[in-house]
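Worksheet for the structure shown next.
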There are 2 protein chains.
Amino acid sequence: MIEVQEAVKIIEDSVLHLPSVKIPIEKALGRVLRQDVFADADFPPFNRVMMDGIALRFKDFEDGKRDFKIIGIQAAGSPQMKLNGSGNCLEVMTGAVAPASADVVVPYEDVEIDSENNMATVQLDQFQKWKNIHIKGSDKKKGELLIETGKLIDSPEIAVAASTGYTELAVTKNPSIAIISTGDELVEINQKPLPHQIRRSNVHAIATELKRFGIKSNLFHFNDEKVVLENELKKVIKSHEILIMSGGVSKGKFDFVPETLEKLGIRERFHRIKQKPGKPFWFGVGENRKVVFAFPGNPVSTFLCYHKYFVPWLKKSLGNYEVNIQKAILSENFNTATRLTYFLQVSTSINEKGQLMAIPKIGQGSGDHANLLISNAFLELPGDTFSFKKGEVFNLISFRNT
Amino acid sequence: MIEVQEAVKIIEDSVLHLPSVKIPIEKALGRVLRQDVFADADFPPFNRVMMDGIALRFKDFEDGKRDFKIIGIQAAGSPQMKLNGSGNCLEVMTGAVAPASADVVVPYEDVEIDSENNMATVQLDQFQKWKNIHIKGSDKKKGELLIETGKLIDSPEIAVAASTGYTELAVTKNPSIAIISTGDELVEINQKPLPHQIRRSNVHAIATELKRFGIKSNLFHFNDEKVVLENELKKVIKSHEILIMSGGVSKGKFDFVPETLEKLGIRERFHRIKQKPGKPFWFGVGENRKVVFAFPGNPVSTFLCYHKYFVPWLKKSLGNYEVNIQKAILSENFNTATRLTYFLQVSTSINEKGQLMAIPKIGQGSGDHANLLISNAFLELPGDTFSFKKGEVFNLISFRNT
């Protein structure tokens, strides 16, 4: 039995290096970028008008001029016009190129327009040169690195890559993942369980979670029969890069998962972690770097192990090494009866002081998955004490996006 | 021009009531539940063994008995067995039904097994009745409400609904949403912009964001020509329930969006909010409750307005009224030059004290969408002062999930 930190380390040592694939930019949400994205032009690509109004020469204004002759309109999307001669101005629209020789834009609210005579009177005593002009290249220069490989792609990345001409992006190819439940007590959702049976649910929780990464997984169920398990697992290992299993890893007479995996060439890296829930977690790696996460079958155990161990490993395997450690404050005193690291179910909220508070939602143990309905995270309470005080700060493992 | 709070209120008054639709449970992530989910059986449905070990009568133990005859194995998924006679025990597996008459489970680590003679010796001096048995109905009772209508569906909801037999769930039918850019300066991603053009990007950011809710949207682009705009908008209004527009709402000569929408029967509810960015935001509602959010075209303006105004309205329109106000602490003094509510781009992180800190990421204004790459939220700074102090707490509008 090993410590939580050792388990984290061993799993991290088995991070995969997955290949990349080009996909249309519209489909890239939640994927990990596998190329650098560069600016194909300056950002903005021209001196860009930021307000509707008039564009003029700052020099004219500085020389005391307030009345300007309107010599035309510079619309957005039209080729650049030119301010000819002193004392002239052009009406300019947001998004337009600033006219050549113009170095300031006065917004309509600070101008009086005499349409009959095509004159504009500026009603300000002072403003700065280049005001309301977004200078070419002031955000980013042509050729500059905009988004680095390894970034988890969200809407700003898609917008910026679109604006600089990327119709496709290289992202990490999704690995093939099998999610396998074991246990003779399990039946399908559409079946009516006998008095000693329950329906499968862990596999559906994990398949749902994987969708956040754009990953489609394959679901399997095997009963607790040694020969069947071996034959079926052999096929699944052959056709998948990653196996997530639920059940069959504790000390029961029919817990054949570890020995069967070993037989199939998956070498145990650890079995059992000093934690609650999820103690019997088995982890192994086989030839060709097949990685097997065999979680205990209790639903809260499977769910905790998935979020605490699998997700950080998956992100790294996809090429996303951004670390995002979350912490939260325990909202009330809490006692445990275990020397194991205890993952307490909590509901978090941000209080008026801007503190992230974690409110315990204890539930009835690792079999009580209905308790996950009222929780959104686990608070990681170390095993070196039984007594945790209100106001203390601990690591937080979030599992909801809201 | 109205205050931010007034705009929020007016938009909230236009919340839609959308119909519901049944979908397979596997597709329900991110959707809003539109039915109550009830337990079809007790949770757990039987007295469930929580540890591998032996099951016995607590009375025997209380009477001083420590050696028990093993009369069989109660496997998970097998019909319930019975403890016949005093002094007997059954080996039991996690997930199995507790045998009839058994009221305690002693885990293998606290038992010595003599396989030859089929005897088990308990090596504990005391434990509690019902220990390691998860009592039938202790989490939830048959018929009890598990998940209430209006809940945003995440993986725990899917797991719990699956375990109680729901192969389908009623969720809110996705509304038809059109996302429309306007502006003669815009070209497609795959085009090479002329010196006065830029590529469309706002519509791609919003289409990406809508995918989080499982919503597919339709994208359009119209140039700044009155007649074209009117004809095309007419068709789009007819075929969609919700329009999100970007551009054409400020004071420019070619900003025909508000007048065109009015002409097509969309009545203005407000135009212009005392905020920066996003001041020219126009909002209107037409016959048959067609709702139009016409955002200013600068990318940061569109993005802010989408997250501050559209998302809360969409959630409510989908039937999800859960309020999740976020707050964060300003990490350094910050001064503004405006009396408008200022939405400051920030990057948040949780510090060692469990405080959510917001670090300003100022950027070059509403045209600088590359700045969104290094931000994950907006901090809402009220317009009643210019000077904001380190340590003050403000509302936070998050826009990334990581």
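Every chain in the structure tokens has a letter given in the order shown (A, B, ...), and although residue numbers restart at 1 in each chain, ligands are simply numbered from 1 in the order shown.
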| task | Would you kindly report the residues of chain A within 6 Å of chain B, using only C-alpha atoms, as a PyMOL selection string? | result | chain A and resi 52+76-77+79+93+97+155-156+159+162-163+165+184-185+189-190+196-197+199+201+204-205+208+251-252+327-329+354-356+372-373
| request: Just list the residues in segment 156-342 of chain A DSSP gives strand (DSSP E) on the backbone, as a ChimeraX atom specification. | output: /A:168-172,177-182,186-187,198-199,218-222,242-246,267-271,275-276,282-285,291-295,326-330,334-335,341-342
Restricting it to N, CA and C atoms, dump the selection as a tab-separated table (two decimals), in the first residue's frame.
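Written output follows (result28.tsv):
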chain	number	residue	atom	x	y	z
A	168	GLU	N	-7.67	24.85	-40.08
A	168	GLU	CA	-7.45	23.57	-39.38
A	168	GLU	C	-6.43	23.79	-38.28
A	169	LEU	N	-6.49	22.93	-37.29
A	169	LEU	CA	-5.49	22.96	-36.23
A	169	LEU	C	-4.98	21.54	-35.97
A	170	ALA	N	-3.70	21.44	-35.68
A	170	ALA	CA	-3.16	20.15	-35.25
A	170	ALA	C	-3.46	20.00	-33.76
A	171	VAL	N	-4.12	18.92	-33.42
A	171	VAL	CA	-4.44	18.63	-32.02
A	171	VAL	C	-4.01	17.19	-31.73
A	172	THR	N	-4.01	16.84	-30.47
A	172	THR	CA	-3.64	15.47	-30.13
A	172	THR	C	-4.75	14.52	-30.59
A	177	ILE	N	-10.05	4.49	-25.86
A	177	ILE	CA	-10.23	4.17	-24.45
A	177	ILE	C	-11.38	3.19	-24.28
A	178	ALA	N	-11.12	2.12	-23.54
A	178	ALA	CA	-12.17	1.18	-23.17
A	178	ALA	C	-12.54	1.41	-21.71
A	179	ILE	N	-13.83	1.45	-21.43
A	179	ILE	CA	-14.30	1.54	-20.05
A	179	ILE	C	-15.01	0.23	-19.73
A	180	ILE	N	-14.51	-0.46	-18.74
A	180	ILE	CA	-14.97	-1.82	-18.48
A	180	ILE	C	-15.49	-1.96	-17.06
A	181	SER	N	-16.72	-2.41	-16.93
A	181	SER	CA	-17.21	-2.77	-15.60
A	181	SER	C	-17.10	-4.27	-15.44
A	182	THR	N	-16.84	-4.72	-14.22
A	182	THR	CA	-16.89	-6.15	-13.92
A	182	THR	C	-17.80	-6.33	-12.71
A	186	LEU	N	-24.10	-6.73	-11.78
A	186	LEU	CA	-24.49	-5.58	-12.61
A	186	LEU	C	-25.37	-5.97	-13.79
A	187	VAL	N	-26.41	-5.17	-14.03
A	187	VAL	CA	-27.26	-5.34	-15.22
A	187	VAL	C	-27.34	-4.00	-15.96
A	198	ILE	N	-27.84	-4.74	-9.24
A	198	ILE	CA	-27.98	-3.29	-9.44
A	198	ILE	C	-27.61	-2.99	-10.90
A	199	ARG	N	-27.95	-1.78	-11.32
A	199	ARG	CA	-27.64	-1.42	-12.71
A	199	ARG	C	-26.24	-0.84	-12.81
A	218	ASN	N	-15.31	3.26	-25.64
A	218	ASN	CA	-16.09	2.03	-25.86
A	218	ASN	C	-16.37	1.38	-24.51
A	219	LEU	N	-17.63	0.98	-24.33
A	219	LEU	CA	-18.04	0.40	-23.04
A	219	LEU	C	-18.13	-1.12	-23.13
A	220	PHE	N	-17.66	-1.76	-22.07
A	220	PHE	CA	-17.73	-3.23	-21.98
A	220	PHE	C	-18.18	-3.64	-20.58
A	221	HIS	N	-18.73	-4.84	-20.51
A	221	HIS	CA	-18.99	-5.43	-19.20
A	221	HIS	C	-18.60	-6.90	-19.21
A	222	PHE	N	-17.86	-7.33	-18.23
A	222	PHE	CA	-17.48	-8.74	-18.11
A	222	PHE	C	-17.86	-9.25	-16.73
A	242	ILE	N	-5.87	2.59	-23.87
A	242	ILE	CA	-6.08	2.87	-22.44
A	242	ILE	C	-7.30	2.09	-21.96
A	243	LEU	N	-7.17	1.45	-20.81
A	243	LEU	CA	-8.31	0.77	-20.19
A	243	LEU	C	-8.63	1.43	-18.86
A	244	ILE	N	-9.91	1.77	-18.69
A	244	ILE	CA	-10.37	2.20	-17.37
A	244	ILE	C	-11.32	1.11	-16.89
A	245	MET	N	-10.98	0.49	-15.76
A	245	MET	CA	-11.82	-0.59	-15.26
A	245	MET	C	-12.46	-0.18	-13.94
A	246	SER	N	-13.56	-0.81	-13.63
A	246	SER	CA	-14.26	-0.53	-12.39
A	246	SER	C	-14.70	-1.86	-11.78
A	267	ARG	N	1.92	-5.10	-16.44
A	267	ARG	CA	2.70	-5.21	-15.20
A	267	ARG	C	2.20	-4.23	-14.14
A	268	GLU	N	1.97	-4.77	-12.95
A	268	GLU	CA	1.49	-3.94	-11.85
A	268	GLU	C	2.51	-2.89	-11.48
A	269	ARG	N	2.05	-1.63	-11.40
A	269	ARG	CA	2.92	-0.55	-10.92
A	269	ARG	C	2.60	-0.25	-9.45
A	270	PHE	N	1.34	-0.37	-9.11
A	270	PHE	CA	0.98	-0.37	-7.68
A	270	PHE	C	-0.39	-1.00	-7.53
A	271	HIS	N	-0.66	-1.45	-6.30
A	271	HIS	CA	-1.98	-1.95	-5.93
A	271	HIS	C	-2.25	-1.47	-4.52
A	275	GLN	N	-5.69	5.57	1.01
A	275	GLN	CA	-6.72	6.59	0.81
A	275	GLN	C	-8.10	5.99	1.02
A	276	LYS	N	-9.04	6.89	1.27
A	276	LYS	CA	-10.43	6.49	1.43
A	276	LYS	C	-11.28	7.57	0.80
A	282	TRP	N	-5.82	-0.44	-8.55
A	282	TRP	CA	-4.69	-1.16	-9.16
A	282	TRP	C	-4.29	-0.44	-10.44
A	283	PHE	N	-2.98	-0.27	-10.62
A	283	PHE	CA	-2.50	0.45	-11.81
A	283	PHE	C	-1.38	-0.33	-12.46
A	284	GLY	N	-1.47	-0.51	-13.78
A	284	GLY	CA	-0.43	-1.25	-14.46
A	284	GLY	C	-0.18	-0.78	-15.88
A	285	VAL	N	0.98	-1.13	-16.41
A	285	VAL	CA	1.37	-0.75	-17.77
A	285	VAL	C	1.89	-1.99	-18.49
A	291	VAL	N	-1.94	1.24	-20.98
A	291	VAL	CA	-2.05	1.68	-19.59
A	291	VAL	C	-3.42	1.29	-19.04
A	292	VAL	N	-3.41	0.66	-17.88
A	292	VAL	CA	-4.66	0.19	-17.27
A	292	VAL	C	-4.87	0.81	-15.90
A	293	PHE	N	-5.96	1.55	-15.78
A	293	PHE	CA	-6.41	2.08	-14.49
A	293	PHE	C	-7.55	1.18	-14.02
A	294	ALA	N	-7.29	0.34	-13.03
A	294	ALA	CA	-8.33	-0.55	-12.54
A	294	ALA	C	-8.82	-0.03	-11.19
A	295	PHE	N	-9.96	0.66	-11.24
A	295	PHE	CA	-10.49	1.30	-10.04
A	295	PHE	C	-11.38	0.34	-9.27
A	326	GLN	N	-5.98	23.55	-7.33
A	326	GLN	CA	-7.05	24.28	-6.67
A	326	GLN	C	-6.99	24.04	-5.17
A	327	LYS	N	-7.31	25.07	-4.43
A	327	LYS	CA	-7.37	24.94	-2.97
A	327	LYS	C	-8.69	25.52	-2.49
A	328	ALA	N	-9.13	25.04	-1.34
A	328	ALA	CA	-10.35	25.60	-0.76
A	328	ALA	C	-10.26	25.53	0.76
A	329	ILE	N	-11.15	26.30	1.38
A	329	ILE	CA	-11.14	26.44	2.84
A	329	ILE	C	-12.24	25.57	3.43
A	330	LEU	N	-11.89	24.75	4.41
A	330	LEU	CA	-12.87	23.92	5.10
A	330	LEU	C	-13.81	24.84	5.89
A	334	PHE	N	-14.04	19.22	11.11
A	334	PHE	CA	-14.41	17.90	10.58
A	334	PHE	C	-13.45	16.86	11.13
A	335	ASN	N	-14.01	15.75	11.62
A	335	ASN	CA	-13.19	14.67	12.15
A	335	ASN	C	-13.30	13.43	11.29
A	341	THR	N	-5.45	9.02	3.75
A	341	THR	CA	-5.86	10.29	3.16
A	341	THR	C	-7.35	10.19	2.87
A	342	TYR	N	-8.10	11.17	3.34
A	342	TYR	CA	-9.55	11.09	3.19
A	342	TYR	C	-10.03	12.13	2.18
| field | segment 158-361 of chain B: residues DSSP assigns to alpha helix (DSSP H), reported as number ranges by chain | value | B: 158-163, 202-211, 226-239, 257-263, 299-305, 311-317
Next, dump the selected residues to file, keeping only C-alpha atoms, as a compact mmCIF listing (two decimals), in the first residue's frame.
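Full text of out_28.txt as output:
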# COMPACT_ATOMS: atom_id res chain seq x y z
CA ILE B 158 -26.27 10.59 -15.58
CA ALA B 159 -24.87 7.88 -13.29
CA VAL B 160 -27.70 8.17 -10.78
CA ALA B 161 -30.43 8.28 -13.43
CA ALA B 162 -28.85 5.26 -15.15
CA SER B 163 -28.73 3.32 -11.90
CA ASN B 202 -16.49 36.58 -33.20
CA VAL B 203 -19.05 34.22 -34.67
CA HIS B 204 -16.65 31.31 -34.26
CA ALA B 205 -16.04 32.15 -30.60
CA ILE B 206 -19.78 32.22 -29.89
CA ALA B 207 -20.57 29.09 -31.90
CA THR B 208 -17.89 27.34 -29.85
CA GLU B 209 -19.34 28.60 -26.58
CA LEU B 210 -22.82 27.35 -27.49
CA LYS B 211 -21.47 23.84 -27.97
CA LYS B 226 -29.58 48.21 -46.06
CA VAL B 227 -31.70 46.25 -48.52
CA VAL B 228 -29.63 43.09 -48.36
CA LEU B 229 -29.55 43.26 -44.58
CA GLU B 230 -33.32 43.65 -44.38
CA ASN B 231 -34.09 40.80 -46.79
CA GLU B 232 -31.61 38.42 -45.26
CA LEU B 233 -32.47 39.25 -41.64
CA LYS B 234 -36.14 38.69 -42.43
CA LYS B 235 -35.40 35.12 -43.48
CA VAL B 236 -33.15 34.46 -40.50
CA ILE B 237 -35.74 35.78 -38.04
CA LYS B 238 -38.36 33.54 -39.60
CA SER B 239 -36.24 30.41 -39.25
CA VAL B 257 -28.87 46.90 -37.56
CA PRO B 258 -31.19 48.63 -35.03
CA GLU B 259 -33.40 50.36 -37.62
CA THR B 260 -33.59 47.21 -39.74
CA LEU B 261 -34.57 45.05 -36.79
CA GLU B 262 -37.26 47.57 -35.78
CA LYS B 263 -38.57 47.54 -39.33
CA PRO B 299 -14.32 41.11 -30.31
CA VAL B 300 -13.86 41.76 -26.60
CA SER B 301 -17.22 43.61 -26.53
CA THR B 302 -19.05 40.73 -28.18
CA PHE B 303 -17.36 38.24 -25.88
CA LEU B 304 -18.14 40.20 -22.69
CA CYS B 305 -21.77 40.77 -23.67
CA VAL B 311 -25.38 33.05 -20.86
CA PRO B 312 -27.50 33.75 -17.73
CA TRP B 313 -30.50 34.43 -19.97
CA LEU B 314 -29.90 31.23 -21.96
CA LYS B 315 -29.60 29.11 -18.81
CA LYS B 316 -32.90 30.45 -17.52
CA SER B 317 -34.53 30.02 -20.92
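Around Lys274 of chain B, within 8 Å and counting only C-alpha atoms, the residues found are Met1, Ile2, Glu3, Val4, Lys279, Leu340 and Thr341 of chain B, once anything fewer than 5 positions away on its own chain is removed.
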Those same residues - N, CA and C atoms - I'd like them written as an mmCIF file, in the first residue's frame.
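Writing done, so here's selection_36.cif:
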data_model
loop_
_atom_site.group_PDB
_atom_site.id
_atom_site.type_symbol
_atom_site.label_atom_id
_atom_site.label_comp_id
_atom_site.auth_asym_id
_atom_site.auth_seq_id
_atom_site.Cartn_x
_atom_site.Cartn_y
_atom_site.Cartn_z
ATOM 1 N N MET B 1 -29.273 55.513 -22.552
ATOM 2 C CA MET B 1 -28.219 54.647 -22.011
ATOM 3 C C MET B 1 -28.614 54.207 -20.602
ATOM 4 N N ILE B 2 -28.566 52.919 -20.348
ATOM 5 C CA ILE B 2 -29.039 52.412 -19.057
ATOM 6 C C ILE B 2 -27.895 51.758 -18.265
ATOM 7 N N GLU B 3 -28.176 51.539 -16.997
ATOM 8 C CA GLU B 3 -27.197 50.902 -16.120
ATOM 9 C C GLU B 3 -27.134 49.395 -16.405
ATOM 10 N N VAL B 4 -26.012 48.794 -16.042
ATOM 11 C CA VAL B 4 -25.821 47.349 -16.208
ATOM 12 C C VAL B 4 -26.964 46.571 -15.550
ATOM 13 N N LYS B 279 -20.574 49.110 -24.828
ATOM 14 C CA LYS B 279 -21.571 50.164 -24.659
ATOM 15 C C LYS B 279 -22.704 50.118 -25.680
ATOM 16 N N LEU B 340 -18.162 54.627 -16.505
ATOM 17 C CA LEU B 340 -18.965 53.469 -16.892
ATOM 18 C C LEU B 340 -18.527 52.255 -16.074
ATOM 19 N N THR B 341 -19.433 51.293 -15.911
ATOM 20 C CA THR B 341 -19.020 50.015 -15.321
ATOM 21 C C THR B 341 -17.935 49.438 -16.214
#
| request: Quote the spacing between atom CA of Asp36 of chain B and atom CA of Lys173 of chain B in Å to one decimal place. | output: 16.2 Å
| remark: In terms of only C-alpha atoms, the residue from B:Lys131, B:Arg339, B:Arg31, B:Lys22 at minimal distance from Phe213 of chain B is B:Arg31
| query | Which distance in Å separates atom CA of Phe386 of chain A and atom CA of Gln126 of chain B, to one decimal? | reply |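 Interatomic distance, atom CA of Phe386 of chain A to atom CA of Gln126 of chain B: 20.5 Å.
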